[in-house]
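Peer 1: Attaching a single structure in C-alpha cells format; questions to follow.
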Amino acid sequence: MQLAKRMDTVEPYFFAKLGLRIAELKAEGKDVIRLDVGSPDLPPAPFIVDTLQKASSEENLHGYSPLGGTPDFRGAVSTYYSDRFDVNLDPKSEVVGLIGSKEGLFHLSMAYLNPNDVALVPDPGYAVYASAAKFAGAEVVTMPILENNHFLPDLDAIPEDAKRRAKLLWLNYPNNPTGATVNDTFFAELVEFAHTHQIMICHDAPYMDITFDGYKAPSLLQVPGAKEISVEFNSLSKTYNMAGWRLGMACGLESAITALHTLKTNVDSSQFQAIQAAGVAALTGDQTWFSERNTIYQERRDIVLDGLSKAGLVAHKPQAAMYVWVRIHTEVPSNEFTQAILEEIGVSVTPGSFFGDCGEGYFRISLGTPAPRIQEAMERIAAWI
Ligand SMILES: Cc1ncc(COP(=O)(O)O)c(C=O)c1O
C-alpha cells in the first residue's frame with residue numbers, strides 16, 4: 001500500500017532513533033549519560049500530583065473531556081497570564097487547551113498553510129516548525145539566528161518574496177537550542193514587522209518560567225497590538241515538570257484560536273480531565289516552588305560551563321531555558337562529533353545540525369539530569385578532548 005506523498009517530507013524524529021541506539025549501548029553494559037533530550041528529570045510540586053490523584057478517583061471525570069480544554073483549565077490559563085504577565089485573555093475565545101504544545105504547533109500549520117505559502121522558521125530552531133510546514137506542502141524559508149546577532153533573527157534580511165508569501169513566522173524565546181533571550185525592543189519590532197507584512201507571529205514559549213540569575217522572561221502578548229497578529233504557545237511540560245502529562249495551551253489571536261480549536265475537534269478528544277484539573281492547580285496555585293527548581297538548573301548550568309571551560313570549549317551563558325549551546329572546537333560535523341562521544345565515552349548530547357544548517361558547528365547540552373551525572377559527563381568530555 002502506497003503512503004501519501006506528504007510522508008516523503010518526514011523522517012523518524014531524531015530522539016526516536018537516538019533512543020534505540022542508546023538502548024543497544026546500555027544492553028551491551030555501557031553507562032550512558034543522557035544530556036540530549038529536554039525532558040525535566042524532577043517531579044512536579046506535590047500539590048499538583050495530589051490534585052491528579054484526587055481527581056483521578058472522581059467517578060465522573062473519566063468520560064470525554066470538553067473539546068479544546070475544560071472551562072476551568074482555560075480559565076486557569078487566563079489567570080496565569082494575567083497574574084504573571086498582566087495580559088488579559090478571554091478564556092473562551094483566546095485560549096485553547098493542547099495535548100502538549102507540540103501538537104498545537106503542528107496543527108496550526110495544518111490550519112493555515114497551503115502549498116506555495118511560506119513559513120518563516122528560525123535556524124537553528126525546534127524541528128517541528130519546519131516539519132509541520134513541509135507536511136502541509138508549504139515552503140520553509142529559514143531565518144538564521146546567529147551568535148553575532150545575539151541569536152535573534154535579522155528581520156531586514158528576510159527576502160522580499162518570502163515576506164510577501166509568508167503566512168506564519170515562528171520564533172521561540174527563551175530559546176531552544178541556544179538558551180538566548182530577547183532584548184527589550186525585539187518583540188515590539190517584531191509585532192510592527194508582522195502588522196506591516198501581515199504575517200502571523202507564532203511564538204513558542206515553553207521556557208518563560210525557567211530563568212536564572214534573576215532574569216524574568218517577557219511574553220510576546222505583553223506588546224501592544226501583539227494579540228491582533230500573534231499566537232503564543234505555552235506548555236506545562238517544562239515550567240511545571242509535567243512533560244509526560246501532555247498539557248499545553250495556545251493563546252492570543254481569536255481567529256487563529258478558533259481555527260486551531262475547529263481543526264482539533266476533528267483530530268483529538270482533548271486531555272484527561274484529571275490531568276487538566278492538576279493543570280489548574282499548577283497554574284493557579286503556589287508559583288514560588290519553581291524558583292527552587294530553577295536554582296537546581298542554574299547549578300547544573302554552572303557545572304556545565306565550568307566543565308566546558310576545563311575542556312577548552314566555548315559556550316554562551318544562558319539566562320533561561322534548560323540548555324547550553326556549545327561551539328565545537330574542530331571542523332568535524334556536529335553529528336559526527338556527538339556520535340563519537342556517545343560511542344566512545346557514553347555521553348549523549350544533541351548535534352547542532354538537528355536544529356538546522358546554522359546549528360552546524362555546535363552541540364546542545366540539556367540540563368535535565370542530576371548534577372553528579374552532569375559532572376561526570378563533563379569530566380568524560382574534558383578527558384576525551
Ligand atoms: C521550543 C519547544 N517547543 C515545544 C516543545 C514541545 O513541548 P510540549 O511538551 O509542550 O509538547 C519543546 C520541547 O522540547 C520545545 O523545546
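Following the order of the C-alpha cells, first chain is A, next is B, and so on, with residues numbered from 1 inside each chain and ligands from 1 in the order they appear.
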If we count only C-alpha atoms and set the cut-off at 6 Å, which residues sit around A:Glu232, ignoring sequence neighbours fewer than 4 positions away in its own chain? Please answer as a PyMOL selection string.
Peer 2: chain A and resi 202-204+250-251
Peer 1: Within 9 Å of ligand 1, counting only C-alpha atoms and all ligand atoms, which protein or nucleic acid residues do you find, written as an MDAnalysis selection string?
Peer 2: chainID A and resid 37:39 98:105 125:129 171:177 204:207 233:238 242:249 321
Peer 1: Go ahead and save the residues from that selection, with N, CA and C atoms, as a CSV table (one decimal), in the first residue's frame.
Peer 2:
chain,number,residue,atom,x,y,z
A,37,VAL,N,17.9,15.0,25.3
A,37,VAL,CA,16.6,15.4,25.2
A,37,VAL,C,16.2,16.4,26.3
A,38,GLY,N,15.3,17.4,26.1
A,38,GLY,CA,15.0,18.4,27.1
A,38,GLY,C,13.8,17.9,27.9
A,39,SER,N,14.0,16.8,28.6
A,39,SER,CA,12.9,16.3,29.5
A,39,SER,C,13.3,16.5,30.9
A,98,LEU,N,-4.2,22.3,24.8
A,98,LEU,CA,-3.5,21.4,23.8
A,98,LEU,C,-3.0,20.1,24.6
A,99,ILE,N,-2.8,19.1,23.8
A,99,ILE,CA,-2.3,17.9,24.4
A,99,ILE,C,-0.7,18.0,24.3
A,100,GLY,N,-0.2,18.9,25.0
A,100,GLY,CA,1.2,19.3,24.8
A,100,GLY,C,1.3,20.3,23.7
A,101,SER,N,2.3,21.2,23.8
A,101,SER,CA,2.3,22.3,22.7
A,101,SER,C,2.7,21.7,21.4
A,102,LYS,N,3.4,20.6,21.3
A,102,LYS,CA,3.9,20.1,20.0
A,102,LYS,C,2.8,19.9,19.1
A,103,GLU,N,1.7,19.3,19.5
A,103,GLU,CA,0.6,19.0,18.6
A,103,GLU,C,0.0,20.3,18.1
A,104,GLY,N,0.0,21.3,19.0
A,104,GLY,CA,-0.7,22.6,18.7
A,104,GLY,C,0.2,23.3,17.6
A,105,LEU,N,1.5,23.3,17.7
A,105,LEU,CA,2.3,23.9,16.7
A,105,LEU,C,2.1,23.3,15.3
A,125,GLY,N,16.5,25.9,15.2
A,125,GLY,CA,15.2,26.1,15.8
A,125,GLY,C,14.6,24.7,16.1
A,126,TYR,N,13.5,24.7,16.9
A,126,TYR,CA,12.8,23.5,17.2
A,126,TYR,C,12.3,22.9,15.9
A,127,ALA,N,12.6,21.6,15.7
A,127,ALA,CA,12.4,21.0,14.3
A,127,ALA,C,11.0,21.0,13.8
A,128,VAL,N,10.0,21.0,14.7
A,128,VAL,CA,8.6,20.8,14.3
A,128,VAL,C,8.1,22.0,13.5
A,129,TYR,N,8.6,23.2,13.7
A,129,TYR,CA,8.1,24.3,12.9
A,129,TYR,C,8.3,24.0,11.4
A,171,LEU,N,8.9,31.8,16.1
A,171,LEU,CA,10.1,32.1,17.0
A,171,LEU,C,9.9,31.5,18.3
A,172,ASN,N,10.9,31.5,19.1
A,172,ASN,CA,10.9,30.8,20.4
A,172,ASN,C,11.9,31.4,21.4
A,173,TYR,N,11.4,32.3,22.3
A,173,TYR,CA,12.3,32.8,23.4
A,173,TYR,C,11.6,32.7,24.7
A,174,PRO,N,12.3,32.3,25.8
A,174,PRO,CA,13.7,31.8,25.8
A,174,PRO,C,13.9,30.7,24.8
A,175,ASN,N,15.1,30.7,24.2
A,175,ASN,CA,15.3,29.9,23.0
A,175,ASN,C,15.8,28.5,23.3
A,176,ASN,N,15.2,27.5,22.6
A,176,ASN,CA,15.8,26.2,22.4
A,176,ASN,C,16.3,26.2,20.9
A,177,PRO,N,17.5,25.9,20.6
A,177,PRO,CA,18.5,25.3,21.5
A,177,PRO,C,19.5,26.2,22.1
A,204,ASP,N,6.5,30.5,20.3
A,204,ASP,CA,6.5,29.2,21.1
A,204,ASP,C,7.3,29.4,22.3
A,205,ALA,N,6.7,29.4,23.5
A,205,ALA,CA,7.3,30.0,24.7
A,205,ALA,C,7.2,29.0,25.9
A,206,PRO,N,7.7,27.8,25.8
A,206,PRO,CA,7.5,26.9,26.9
A,206,PRO,C,8.6,27.1,28.0
A,207,TYR,N,9.5,28.0,27.8
A,207,TYR,CA,10.6,28.2,28.8
A,207,TYR,C,10.5,29.5,29.5
A,233,PHE,N,2.3,30.0,22.1
A,233,PHE,CA,2.2,28.6,22.6
A,233,PHE,C,2.9,28.5,23.9
A,234,ASN,N,2.3,27.8,24.8
A,234,ASN,CA,2.9,27.6,26.1
A,234,ASN,C,2.6,26.2,26.6
A,235,SER,N,3.2,25.8,27.6
A,235,SER,CA,3.1,24.3,28.0
A,235,SER,C,3.4,24.2,29.4
A,236,LEU,N,2.8,23.1,30.0
A,236,LEU,CA,3.2,22.8,31.4
A,236,LEU,C,4.3,21.9,31.5
A,237,SER,N,4.8,21.4,30.3
A,237,SER,CA,5.9,20.4,30.3
A,237,SER,C,7.1,20.8,31.1
A,238,LYS,N,7.6,22.0,30.8
A,238,LYS,CA,8.9,22.4,31.4
A,238,LYS,C,8.7,23.3,32.6
A,242,MET,N,6.0,18.7,33.9
A,242,MET,CA,4.9,17.8,33.5
A,242,MET,C,5.0,17.4,32.1
A,243,ALA,N,6.2,17.1,31.6
A,243,ALA,CA,6.4,16.8,30.2
A,243,ALA,C,5.6,15.6,29.7
A,244,GLY,N,5.6,14.6,30.6
A,244,GLY,CA,4.9,13.3,30.2
A,244,GLY,C,3.4,13.4,30.3
A,245,TRP,N,2.9,14.5,31.0
A,245,TRP,CA,1.4,14.6,31.2
A,245,TRP,C,0.7,15.1,30.0
A,246,ARG,N,1.4,15.8,29.1
A,246,ARG,CA,0.9,16.3,27.8
A,246,ARG,C,-0.2,17.3,28.0
A,247,LEU,N,0.2,18.5,28.5
A,247,LEU,CA,-0.8,19.6,28.7
A,247,LEU,C,-0.1,20.9,28.2
A,248,GLY,N,-0.8,21.6,27.3
A,248,GLY,CA,-0.3,22.9,26.9
A,248,GLY,C,-1.4,23.8,26.5
A,249,MET,N,-1.1,24.9,25.9
A,249,MET,CA,-2.1,25.9,25.5
A,249,MET,C,-1.6,26.8,24.4
A,321,ALA,N,15.8,28.9,29.9
A,321,ALA,CA,15.6,27.6,29.2
A,321,ALA,C,16.5,26.5,29.9
Peer 1: Compare A:Pro44, A:Gly19, A:Gly307, A:Gly179 by their minimum atom-to-atom distance to A:Glu292, counting only C-alpha atoms, and give me the closest one.
Peer 2: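 Comparing A:Pro44, A:Gly19, A:Gly307, A:Gly179 against A:Glu292, the winner is A:Pro44.
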Peer 1: Of the candidates A:Asp268, A:Lys310, A:Tyr240, A:Leu283, which shows the shortest atom-to-atom distance to A:Pro40, using only C-alpha atoms?
Peer 2: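 Counting only C-alpha atoms, the residue closest to A:Pro40 is A:Tyr240.
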Peer 1: Contacts of stretch 166-168 of chain A at 6 Å or less, counting only C-alpha atoms, minus same-chain residues fewer than 6 places along, as a list in words?
Peer 2: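 In the requested form, the answer reads Asp117, Val118, Ala119, Ile199, Met200 and Ile201 of chain A.
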Peer 1: Determine, for each residue of stretch 22-118 of chain A having at least one atom at most 12 Å from an atom of stretch 379-385 of chain A, the closest pair of atoms and their separation in Å to one decimal, counting only C-alpha atoms; order by chain and ascending number, as CSV.
Peer 2:
residue,atom,partner,partner_atom,distance
A:Asp31,CA,A:Arg380,CA,11.7
A:Val32,CA,A:Arg380,CA,11.1
A:Ile33,CA,A:Arg380,CA,10.1
A:Leu35,CA,A:Ile381,CA,12.0
Peer 1: Select from stretch 299-383 of chain A every residue with an atom at most 12 Å from any atom of stretch 137-152 of chain A, then for each give the shortest pair of atoms and their distance in Å to one decimal, using only C-alpha atoms, rows by chain and rising number, as CSV.
Peer 2:
residue,atom,partner,partner_atom,distance
A:Val314,CA,A:Glu147,CA,11.9
A:Ala315,CA,A:Glu147,CA,10.3
A:His316,CA,A:Glu147,CA,8.5
A:Lys317,CA,A:His150,CA,11.6
A:Pro318,CA,A:His150,CA,11.3
A:Trp325,CA,A:Glu147,CA,10.3
A:Val326,CA,A:Glu147,CA,11.1
A:Arg327,CA,A:Glu147,CA,10.2
A:Phe355,CA,A:Pro144,CA,11.1
A:Gly356,CA,A:Thr142,CA,8.7
A:Asp357,CA,A:Pro144,CA,8.8
A:Cys358,CA,A:Pro144,CA,6.4
A:Gly359,CA,A:Leu146,CA,8.9
A:Glu360,CA,A:Leu146,CA,11.2
A:Gly361,CA,A:Leu146,CA,11.7
A:Tyr362,CA,A:Glu147,CA,11.0
Peer 1: With C-alpha atoms retained, export the selected residues as a compact mmCIF listing (two decimals), in the first residue's frame.
Peer 2:
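Saved to result.txt:
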# COMPACT_ATOMS: atom_id res chain seq x y z
CA VAL A 314 33.25 27.86 24.36
CA ALA A 315 29.57 28.36 25.20
CA HIS A 316 27.10 31.18 25.56
CA LYS A 317 25.97 31.50 29.23
CA PRO A 318 22.18 31.05 29.14
CA TRP A 325 24.72 25.67 23.33
CA VAL A 326 28.35 24.78 22.80
CA ARG A 327 30.70 25.64 19.94
CA PHE A 355 18.19 22.15 14.64
CA GLY A 356 19.08 23.36 11.13
CA ASP A 357 22.03 24.27 8.93
CA CYS A 358 23.01 27.21 11.14
CA GLY A 359 23.25 24.82 14.08
CA GLU A 360 26.23 23.18 12.39
CA GLY A 361 29.38 23.70 14.42
CA TYR A 362 27.54 23.43 17.75
Peer 1: Which residues are near stretch 77-92 of chain A? Cut-off 8 Å, only C-alpha atoms, ignore same chain within fewer than 5 positions. Put them as a list in words.
Peer 2: Pro71, Pro218, Ser219, Leu221, Gln222, Met249, Cys251, Gly252, Val280, Leu283 and Thr284 of chain A
Peer 1: Create the file for the chosen residues now, containing N, CA and C atoms and written as an mmCIF file, in the first residue's frame.
Peer 2:
data_model
loop_
_atom_site.group_PDB
_atom_site.id
_atom_site.type_symbol
_atom_site.label_atom_id
_atom_site.label_comp_id
_atom_site.auth_asym_id
_atom_site.auth_seq_id
_atom_site.Cartn_x
_atom_site.Cartn_y
_atom_site.Cartn_z
ATOM 1 N N PRO A 71 -13.481 24.337 30.753
ATOM 2 C CA PRO A 71 -13.575 25.770 31.063
ATOM 3 C C PRO A 71 -12.647 26.144 32.226
ATOM 4 N N PRO A 218 9.794 37.961 29.265
ATOM 5 C CA PRO A 218 8.510 38.567 28.882
ATOM 6 C C PRO A 218 7.688 37.629 28.002
ATOM 7 N N SER A 219 6.368 37.921 27.953
ATOM 8 C CA SER A 219 5.503 37.256 26.973
ATOM 9 C C SER A 219 5.376 38.187 25.775
ATOM 10 N N LEU A 221 2.795 38.552 24.169
ATOM 11 C CA LEU A 221 1.448 39.136 24.221
ATOM 12 C C LEU A 221 1.395 40.405 25.079
ATOM 13 N N GLN A 222 2.485 40.728 25.765
ATOM 14 C CA GLN A 222 2.533 41.982 26.520
ATOM 15 C C GLN A 222 2.689 43.202 25.608
ATOM 16 N N MET A 249 -1.089 24.935 25.936
ATOM 17 C CA MET A 249 -2.128 25.891 25.538
ATOM 18 C C MET A 249 -1.622 26.809 24.429
ATOM 19 N N CYS A 251 -2.601 30.698 22.935
ATOM 20 C CA CYS A 251 -3.327 31.885 23.385
ATOM 21 C C CYS A 251 -3.128 33.027 22.394
ATOM 22 N N GLY A 252 -4.108 33.910 22.327
ATOM 23 C CA GLY A 252 -3.917 35.122 21.533
ATOM 24 C C GLY A 252 -4.969 35.288 20.468
ATOM 25 N N VAL A 280 -4.839 23.025 36.380
ATOM 26 C CA VAL A 280 -5.442 24.199 37.023
ATOM 27 C C VAL A 280 -4.720 24.482 38.342
ATOM 28 N N LEU A 283 -1.274 25.981 37.556
ATOM 29 C CA LEU A 283 -1.266 27.353 37.022
ATOM 30 C C LEU A 283 -1.746 28.390 38.026
ATOM 31 N N THR A 284 -2.640 27.972 38.933
ATOM 32 C CA THR A 284 -3.238 28.967 39.832
ATOM 33 C C THR A 284 -2.757 28.806 41.271
#
Peer 1: Considering only C-alpha atoms, can you say which of A:Ser334, A:Gln273, A:Ser366, A:Ser131 comes closest to A:Tyr13?
Peer 2: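 Of the candidates, the smallest distance to A:Tyr13 is held by A:Ser131.
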Peer 1: When DSSP is applied to the backbone of this structure, which of stretch 28-147 of chain A are assigned strand (DSSP E)? Write them out as a PyMOL selection string.
Peer 2: chain A and resi 33-34+95-98+118-123+139-144
Peer 1: Okay, now the selection with C-alpha atoms, as a CSV table (one decimal), in the first residue's frame?
Peer 2:
chain,number,residue,atom,x,y,z
A,33,ILE,CA,24.7,9.7,30.5
A,34,ARG,CA,21.9,11.4,28.6
A,95,VAL,CA,-7.3,30.2,24.8
A,96,VAL,CA,-7.4,26.7,23.6
A,97,GLY,CA,-6.0,23.7,25.5
A,98,LEU,CA,-3.5,21.4,23.8
A,118,VAL,CA,5.8,30.3,3.1
A,119,ALA,CA,6.6,29.6,6.7
A,120,LEU,CA,9.5,31.6,8.2
A,121,VAL,CA,11.3,29.5,10.7
A,122,PRO,CA,14.4,30.1,12.9
A,123,ASP,CA,17.6,28.3,12.1
A,139,GLU,CA,7.8,26.2,1.6
A,140,VAL,CA,10.2,26.8,4.5
A,141,VAL,CA,12.3,29.9,4.5
A,142,THR,CA,14.8,30.0,7.3
A,143,MET,CA,15.8,33.0,9.4
A,144,PRO,CA,19.3,32.5,10.7
